[in-house]
Amino acid sequence: MKTYKVVPRKAMLASALLAVLASPAWAQDAATPSAQSPDPTTLDAVQVTGIRGSLTSSMNLKRDSQGVVDGIVAEDIGKFPDTNLAESLQRISGVSIDRTSSGEGSKVTVRGIGPDFNLVLLNGRQMPSSNLGNGGGGLSGSRSFDFANIASESISAVEVYKTTRADNPTGGIGATIDIKTMRPLESEPVISLGLKAVNDSSNDNLPRTLQGASVTGELSGIFSQRYADDRFGVTLSGSYQERDSGFNQATVAEGWATFYGNESTDWRALPQPGQGYADRIQNRPGPTDVYARPQNTAYNVNGVQRQRTNGQATLQWKPADNVTTTLDYTYVENKVQQQRSELSVWFNYGPGDSTWTNGPISAPILYSEDMTNSDVSMGGMKLATKNTMDSLGFNVDWAVNDALDLSFDVHNSTAESQPDGPYGSAGVLGVAAFVRGKTTVDYSGDLPIINIALPPGGVQAADALVTGSVFQNSYNKSKVQQYQGRGAFKFADYSALDFGVGHTKVENRSASAIMQRDTWGGLGTPADYDDSIWYADDMARYFDAFSGHGDPRLTGQFLVFDFDRLRERAGQVAANGEPPCPTCYLAPTEYTEDIRTTETSKSAYLQYRTTFDWTMPLHVAAGVRYEQTEVESTALVRVPTSINWGSANEFNLGYAAEGTFIGGKGKYDYVLPNVDLKLDLSETLALRGSYSRSIGRPGWTQIDSGRRFDTIVRTQGGTGSRGNPSLEPLLSDNVDLSLEWYYGESSYASVGFFRKNIKNFISNTIVRDNSAGLHTPVGGTYWNEALASGCGVTDMPCIRDYIFANHDGDPGVTATGTNSAGQRTGTIVGQPGDPVAGFDITVPANQRSDHLDGWELSVQQLFGQTGFGLAANYTKVKSGLTFDNLSLGDQYPMIGLSDSANLVLFYEKYNWQVRAAYNWRDTFLNGIGGQGPNPNYTDAYGQLDLNISYAVSDQLTLSLEAINLTDETMRTYSRHTNMLRYATQTGPRYMFGVRYTF
């Protein structure tokens, strides 16, 4: 392999992309000499390629930039360091990633700021993002960008702006991340073709019905050429990847019901000493301890298939020496199919034996509940979604004269996530055998050990039947239209004034619909289902990466089934005297929730750059950006029309047959200053200081205009929620200080401190609202008559019996019979003249402020000409924006806050490239939820990846990659490590590749 080659210096700078930030536009030559007519003043220089070249270019990007900027530059054409952009970004100091359940990098956190508050650009343009809710269903309010959708082969560089600049679009408090694609007039001509064979070992660790192909393929190609004396250029690139993988999880998916030890009124709490089964509780939580009981525990196995297509086309034309036009188009498609089989046990917060850890956070060690002929649940799921993104942009750069450059850019981009299967975005079939006795779970290890008392022979196909089901459709579409005009004026003293205006319109739509059939007690009888639908398997063999999978107490027997066949059969079975319902097992096509929001932003900026040539040169950039944003939201909501008293303890809302759209508006504007200073202490030592102000916009569902009421109403009224289009964005004042030492060829060390003072954090407020005008029977004429007759105010059966006995047939009163307890049944509906019910509406509001501090340490060292080198970094963050595990109230911490570290060791010589990369992220909060305001922490995780390549010739390269080489597992828990949420096993992934460059 040729490690060095001689090229013109200008080509070297372009290929390294240093001109993007290191040099202002006005400093470039008005005309670039063509290859046929070389400029006699141009000197030859050595361009270093491969790993060393990439690290050198990344170092120079950092060294020559305005403010704090880090990045990754492709080693060679078509060879980015990782197969996924998120996994490449995690090598940068301060950048950590969220992984999907299948172990692939997806979203990024920068300096402790979560994915929703990092802005992603493509060639300097704001990109849309679309996401579906968990499990392919529900509304999505996220602004986070999913890097798993983008292949890395045609990416030339990724730049991470950690400090805010006036000329960058707003929206990234953590960072602005700019993805760069190839430009034909700025890159060396190339024709390259790559092939990869992928073996994902996680696919082999699945039931046979869930497995995909053992080996899948990946094809990528790049064509980039210049014509007409380098005045016209074409770049075409594309990739197609199929990946069949799997993941296996132990879960407490429904979360933990959490209490203080002295809780005595909630029926889900443990009995107090001397009551109920309190004597069966070992090391009972103390009165002030926080403890939690599980809703369920499960094992599941998942087969995942993905087909990812990426394509880019770029045309560049120089009609004159001082004018360059660029037209580019990017297309992304990522299809995902997933099928799941599950074994789960559900708890009723009933009597049982339990043993608990010491407080103040008291978690179960052993937990059991007494069961008799309860359900062994064995559900299945099919998910199919398609994510697409396309971006069309046009750019004109005009060097008007030696002093003035102008640029105009326009683009239109769309991201869309939608169902891609016959049953909607996701379908779930509940299955059960009602043979479960006492159930015990040991939560003390990495893998919970479920033990179920079963009859002889265990779970049999003859005992199984369908129970409840959920089929859902989700849809999310985001569209960005952006116009940008920029300019730079150079003064005689080589200082410069940057200026620009912009107009950005973002349209976002999120919609969902659910078909749920609540036949959880069983659909028909087991005799309604052919035994050949099922086959027996054992969960224990799918969790071999966890200690405890061989525990003899583990009850892993479950039934796997053909989802399509069982879904069809369920639609043929009658339920509770009702006829069969085939349409109950299809997702509805009409959305019942639909949020449509438009953000329109206008911006203008000025920035002055100069250098004071004192004893030590001081580079200064001071700017200000003005941003004005208007928000308009409409939301489809169900319209409640009545309050219906249907049983002793249940009041439910009645709704109109069709929903209606409700609208709302908001507006805000901000002045966002920035100052960047760089003092060259010597030729190798630089001191930086930056101040900036940045904003992070609220989530889409937070600025939703719709008001939604919870269906169940209590005697004291109801509850509900609505968004707030008038929410202000998060506002952050940022300070950065860093010292950088460039002490050798391609070698440097740096230390940096940063602080973010963040205002306008969003938390919930409760507003009492009776504007719906719904009359409730509680306190009405009939109610008061019942109380006067002698019924107690809390004796609901007595009150209902009186009303039915004395007013059946009157307006709003319909008696239907009696139940097994001899109580009258029927419905009582609130009427005009009855009290108007109030509702506690949860509304987001800007209420809080806090700060975040951090340190970044980086070192890059090449060991002379030995071929060996390393790159390492460590980021430490600290903030008051953390979750208090001892509090059971609502909290609003910063999601994603964590320390992180990276170590890359490499060898590059004699046609060989070897790189071992270890990435580590400390424990972090990934969200809140699951049986109330409980934290969900992702445990500390480290992963080792290995890449080996050999250049057979200048044209042909062979490569071998191993991802997650040491077979690491991931774990998520709540307030205590015993309070498991998800324990996930994937497996190593291996890729063998061939690339030929013509």
# chains A, B, ... in the order shown; residues from 1 in each chain; ligands from 1
$ closest_atom_pairs --of "segment 589-636 of chain A" --to "segment 461-482 of chain A" --cutoff "10 Å" --atoms "only C-alpha atoms" --output "CSV"
residue,atom,partner,partner_atom,distance
A:Thr589,CA,A:Asn473,CA,7.5
A:Glu590,CA,A:Asn473,CA,9.0
A:Tyr591,CA,A:Asn473,CA,7.8
A:Glu593,CA,A:Ser474,CA,9.5
A:Asp594,CA,A:Tyr475,CA,9.0
A:Ile595,CA,A:Asn476,CA,9.5
A:Arg596,CA,A:Lys477,CA,9.4
A:Thr597,CA,A:Ser478,CA,9.5
A:Thr598,CA,A:Lys479,CA,9.4
A:Glu599,CA,A:Val480,CA,9.6
A:Thr600,CA,A:Gln481,CA,9.5
A:Ser601,CA,A:Gln482,CA,9.4
A:Lys602,CA,A:Gln482,CA,9.9
$ write_last_selection --atoms "C-alpha atoms" --output "CSV table (one decimal), in the first residue's frame"
chain,number,residue,atom,x,y,z
A,589,THR,CA,-56.2,3.0,9.0
A,590,GLU,CA,-57.7,6.2,10.4
A,591,TYR,CA,-55.5,8.1,12.9
A,593,GLU,CA,-54.3,11.2,17.3
A,594,ASP,CA,-52.7,13.6,14.9
A,595,ILE,CA,-50.4,16.5,15.7
A,596,ARG,CA,-49.3,19.0,13.0
A,597,THR,CA,-46.8,21.7,13.9
A,598,THR,CA,-45.1,24.4,11.8
A,599,GLU,CA,-42.0,26.3,13.0
A,600,THR,CA,-41.0,29.3,10.9
A,601,SER,CA,-37.7,31.0,11.8
A,602,LYS,CA,-36.1,34.1,10.4
$ closest_atom_pairs --of "segment 201-227 of chain A" --to "segment 311-315 of chain A" --cutoff "10 Å" --atoms "only C-alpha atoms" --output "JSON lines"
{"residue": "A:Ser220", "atom": "CA", "partner": "A:Gly311", "partner_atom": "CA", "distance": 9.5}
{"residue": "A:Gly221", "atom": "CA", "partner": "A:Gly311", "partner_atom": "CA", "distance": 9.6}
{"residue": "A:Ile222", "atom": "CA", "partner": "A:Gln312", "partner_atom": "CA", "distance": 9.4}
{"residue": "A:Phe223", "atom": "CA", "partner": "A:Ala313", "partner_atom": "CA", "distance": 9.6}
{"residue": "A:Ser224", "atom": "CA", "partner": "A:Thr314", "partner_atom": "CA", "distance": 9.1}
{"residue": "A:Arg226", "atom": "CA", "partner": "A:Leu315", "partner_atom": "CA", "distance": 9.9}
$ write_last_selection --atoms "C-alpha atoms" --output "compact mmCIF listing (two decimals), in the first residue's frame"
# COMPACT_ATOMS: atom_id res chain seq x y z
CA SER A 220 -21.16 0.29 -2.03
CA GLY A 221 -19.73 2.31 -4.87
CA ILE A 222 -18.37 5.78 -5.61
CA PHE A 223 -17.85 7.51 -8.93
CA SER A 224 -16.32 10.98 -8.95
CA ARG A 226 -14.09 16.13 -13.39
$ atom_distance --atom1 "atom CA of Val904 of chain A" --atom2 "atom CA of Ile51 of chain A"
10.9 Å
$ residues_around --residues "Ala197 of chain A" --least-positions-apart "3" --cutoff "7 Å" --atoms "only C-alpha atoms" --output "VMD selection string"
chain A and resid 215 to 218 991 to 993
$ write_last_selection --atoms "C-alpha atoms" --output "PDB file, in the first residue's frame"
ATOM      1  CA  VAL A 215     -24.472 -14.212   6.035  1.00  0.00           C
ATOM      2  CA  THR A 216     -25.825 -11.035   4.484  1.00  0.00           C
ATOM      3  CA  GLY A 217     -24.263  -8.646   2.002  1.00  0.00           C
ATOM      4  CA  GLU A 218     -23.354  -5.025   1.585  1.00  0.00           C
ATOM      5  CA  MET A 991     -17.585  -8.353   8.323  1.00  0.00           C
ATOM      6  CA  PHE A 992     -15.240  -9.382   5.528  1.00  0.00           C
ATOM      7  CA  GLY A 993     -14.798  -6.764   2.835  1.00  0.00           C
TER       8      GLY A 993
END
$ atom_distance --atom1 "atom CA of Trp920 of chain A" --atom2 "atom CA of Leu89 of chain A"
12.9 Å
$ select_by_dssp --residues "segment 45-163 of chain A" --states "alpha helix (DSSP H)" --output "list of chain:residue names"
A:Gly50, A:Ile51, A:Arg52, A:Gly53, A:Ser54, A:Leu55, A:Thr56, A:Ser57, A:Ser58, A:Met59, A:Asn60, A:Leu61, A:Lys62, A:Arg63, A:Asp64, A:Leu85, A:Ala86, A:Glu87, A:Ser88, A:Leu89
$ write_last_selection --atoms "N, CA and C atoms" --output "compact mmCIF listing (two decimals), in the first residue's frame"
# COMPACT_ATOMS: atom_id res chain seq x y z
N GLY A 50 -4.64 7.10 4.69
CA GLY A 50 -4.83 6.04 5.67
C GLY A 50 -5.18 6.58 7.03
N ILE A 51 -5.00 5.75 8.07
CA ILE A 51 -5.35 6.14 9.43
C ILE A 51 -4.58 7.39 9.84
N ARG A 52 -3.30 7.39 9.53
CA ARG A 52 -2.47 8.53 9.91
C ARG A 52 -2.95 9.81 9.23
N GLY A 53 -3.33 9.71 7.99
CA GLY A 53 -3.83 10.88 7.28
C GLY A 53 -5.12 11.39 7.87
N SER A 54 -6.01 10.46 8.24
CA SER A 54 -7.27 10.86 8.85
C SER A 54 -7.04 11.57 10.17
N LEU A 55 -6.17 11.04 11.00
CA LEU A 55 -5.90 11.67 12.29
C LEU A 55 -5.23 13.03 12.13
N THR A 56 -4.35 13.15 11.12
CA THR A 56 -3.70 14.43 10.87
C THR A 56 -4.73 15.47 10.44
N SER A 57 -5.63 15.09 9.52
CA SER A 57 -6.66 16.03 9.07
C SER A 57 -7.58 16.43 10.20
N SER A 58 -7.96 15.46 11.04
CA SER A 58 -8.82 15.78 12.18
C SER A 58 -8.12 16.71 13.15
N MET A 59 -6.83 16.50 13.37
CA MET A 59 -6.07 17.37 14.26
C MET A 59 -6.01 18.79 13.70
N ASN A 60 -5.74 18.92 12.41
CA ASN A 60 -5.67 20.24 11.81
C ASN A 60 -7.02 20.95 11.82
N LEU A 61 -8.08 20.18 11.66
CA LEU A 61 -9.42 20.75 11.78
C LEU A 61 -9.61 21.38 13.16
N LYS A 62 -9.19 20.67 14.18
CA LYS A 62 -9.32 21.18 15.54
C LYS A 62 -8.42 22.40 15.75
N ARG A 63 -7.19 22.32 15.22
CA ARG A 63 -6.19 23.35 15.47
C ARG A 63 -6.54 24.67 14.79
N ASP A 64 -7.06 24.61 13.57
CA ASP A 64 -7.24 25.81 12.77
C ASP A 64 -8.65 26.38 12.81
N LEU A 85 -22.31 5.96 11.40
CA LEU A 85 -21.83 7.28 11.76
C LEU A 85 -21.85 7.53 13.26
N ALA A 86 -22.87 7.04 13.94
CA ALA A 86 -22.93 7.23 15.38
C ALA A 86 -21.74 6.55 16.05
N GLU A 87 -21.38 5.35 15.58
CA GLU A 87 -20.26 4.63 16.18
C GLU A 87 -18.94 5.33 15.88
N SER A 88 -18.85 6.06 14.77
CA SER A 88 -17.67 6.87 14.51
C SER A 88 -17.63 8.09 15.42
N LEU A 89 -18.77 8.74 15.60
CA LEU A 89 -18.81 9.95 16.40
C LEU A 89 -18.42 9.70 17.85
$ closest_residue --among "A:Thr997, A:Thr776, A:Thr209, A:Ser879" --to "Gly812 of chain A" --atoms "only C-alpha atoms"
A:Thr776
$ residues_around --residues "segment 114-120 of chain A" --least-positions-apart "5" --cutoff "7 Å" --atoms "only C-alpha atoms" --output "MDAnalysis selection string"
chainID A and resid 107:109 126:127 142:145 171:178 696 895:896
$ residues_around --residues "Val778 of chain A" --least-positions-apart "6" --cutoff "8 Å" --atoms "only C-alpha atoms" --output "short mmCIF file (atom, residue, chain, number, x, y, z; two decimals) with C-alpha atoms, in the first residue's frame"
data_model
loop_
_atom_site.label_atom_id
_atom_site.label_comp_id
_atom_site.auth_asym_id
_atom_site.auth_seq_id
_atom_site.Cartn_x
_atom_site.Cartn_y
_atom_site.Cartn_z
CA THR A 715 -65.61 11.39 42.02
CA ASP A 834 -75.72 18.48 37.60
CA PRO A 835 -72.33 19.93 38.65
#
$ atom_distance --atom1 "atom CA of Arg714 of chain A" --atom2 "atom CA of Val836 of chain A"
13.2 Å
$ closest_residue --among "A:Asn724, A:Ser129, A:Thr827, A:Thr634" --to "Leu653 of chain A" --atoms "only C-alpha atoms"
A:Thr827
$ select_by_dssp --residues "segment 62-266 of chain A" --states "strand (DSSP E)" --output "JSON, numbers by chain"
{"A": [69, 70, 71, 72, 73, 95, 96, 97, 98, 99, 105, 106, 107, 108, 109, 110, 119, 120, 121, 122, 125, 126, 155, 156, 157, 158, 159, 160, 161, 176, 177, 178, 179, 180, 181, 190, 191, 192, 193, 194, 195, 196, 197, 198, 199, 200, 216, 217, 218, 219, 220, 221, 222, 223, 224, 225, 226, 227, 232, 233, 234, 235, 236, 237, 238, 239, 240, 241, 242, 243, 244, 245, 246, 247, 248, 249, 250, 251, 256, 257, 258, 259, 260]}
$ closest_residue --among "A:Thr265, A:Ser407, A:Thr439, A:Ser682" --to "Gly485 of chain A" --atoms "only C-alpha atoms"
A:Ser407
$ residues_around --residues "Phe661 of chain A" --least-positions-apart "5" --cutoff "7 Å" --atoms "only C-alpha atoms" --output "PyMOL selection string"
chain A and resi 634-637
$ closest_residue --among "A:Ser690, A:Thr629, A:Ser214, A:Gln702" --to "Leu737 of chain A" --atoms "only C-alpha atoms"
A:Ser690
$ residues_around --residues "segment 946-951 of chain A" --least-positions-apart "3" --cutoff "8 Å" --atoms "only C-alpha atoms" --output "PyMOL selection string"
chain A and resi 1+911-917+954-963+965
$ closest_residue --among "A:Thr977, A:Thr355, A:Ser750, A:Thr611" --to "Tyr494 of chain A" --atoms "only C-alpha atoms"
A:Thr611
$ closest_residue --among "A:Thr641, A:Gln847, A:Ser694, A:Ser532" --to "Tyr626 of chain A" --atoms "only C-alpha atoms"
A:Ser694
$ decode --residues "segment 164-177 of chain A" --atoms "N, CA and C atoms" --output "PDB file, in the first residue's frame"
ATOM      1  N   THR A 164     -20.901  27.646  19.947  1.00  0.00           N
ATOM      2  CA  THR A 164     -21.858  28.215  19.009  1.00  0.00           C
ATOM      3  C   THR A 164     -21.215  29.330  18.203  1.00  0.00           C
ATOM      4  N   ARG A 165     -21.503  29.355  16.905  1.00  0.00           N
ATOM      5  CA  ARG A 165     -21.039  30.422  16.021  1.00  0.00           C
ATOM      6  C   ARG A 165     -22.236  31.109  15.396  1.00  0.00           C
ATOM      7  N   ALA A 166     -22.088  32.396  15.140  1.00  0.00           N
ATOM      8  CA  ALA A 166     -23.209  33.166  14.602  1.00  0.00           C
ATOM      9  C   ALA A 166     -23.658  32.650  13.248  1.00  0.00           C
ATOM     10  N   ASP A 167     -22.733  32.076  12.469  1.00  0.00           N
ATOM     11  CA  ASP A 167     -23.082  31.639  11.120  1.00  0.00           C
ATOM     12  C   ASP A 167     -23.635  30.232  11.061  1.00  0.00           C
ATOM     13  N   ASN A 168     -23.812  29.563  12.207  1.00  0.00           N
ATOM     14  CA  ASN A 168     -24.417  28.231  12.230  1.00  0.00           C
ATOM     15  C   ASN A 168     -25.896  28.321  12.599  1.00  0.00           C
ATOM     16  N   PRO A 169     -26.753  27.470  12.028  1.00  0.00           N
ATOM     17  CA  PRO A 169     -28.160  27.442  12.435  1.00  0.00           C
ATOM     18  C   PRO A 169     -28.290  27.145  13.926  1.00  0.00           C
ATOM     19  N   THR A 170     -29.401  27.560  14.520  1.00  0.00           N
ATOM     20  CA  THR A 170     -29.616  27.381  15.952  1.00  0.00           C
ATOM     21  C   THR A 170     -30.359  26.075  16.236  1.00  0.00           C
ATOM     22  N   GLY A 171     -30.269  25.647  17.485  1.00  0.00           N
ATOM     23  CA  GLY A 171     -30.995  24.461  17.925  1.00  0.00           C
ATOM     24  C   GLY A 171     -30.138  23.458  18.642  1.00  0.00           C
ATOM     25  N   GLY A 172     -28.811  23.632  18.621  1.00  0.00           N
ATOM     26  CA  GLY A 172     -27.933  22.670  19.275  1.00  0.00           C
ATOM     27  C   GLY A 172     -27.283  23.255  20.513  1.00  0.00           C
ATOM     28  N   ILE A 173     -27.788  22.876  21.692  1.00  0.00           N
ATOM     29  CA  ILE A 173     -27.154  23.315  22.935  1.00  0.00           C
ATOM     30  C   ILE A 173     -25.889  22.502  23.193  1.00  0.00           C
ATOM     31  N   GLY A 174     -25.975  21.179  22.966  1.00  0.00           N
ATOM     32  CA  GLY A 174     -24.796  20.347  23.154  1.00  0.00           C
ATOM     33  C   GLY A 174     -23.783  20.571  22.065  1.00  0.00           C
ATOM     34  N   ALA A 175     -24.225  20.494  20.803  1.00  0.00           N
ATOM     35  CA  ALA A 175     -23.337  20.684  19.667  1.00  0.00           C
ATOM     36  C   ALA A 175     -24.165  20.805  18.396  1.00  0.00           C
ATOM     37  N   THR A 176     -23.517  21.349  17.382  1.00  0.00           N
ATOM     38  CA  THR A 176     -24.038  21.294  16.021  1.00  0.00           C
ATOM     39  C   THR A 176     -23.150  20.339  15.233  1.00  0.00           C
ATOM     40  N   ILE A 177     -23.751  19.319  14.651  1.00  0.00           N
ATOM     41  CA  ILE A 177     -23.007  18.259  13.980  1.00  0.00           C
ATOM     42  C   ILE A 177     -23.250  18.373  12.482  1.00  0.00           C
TER      43      ILE A 177
END
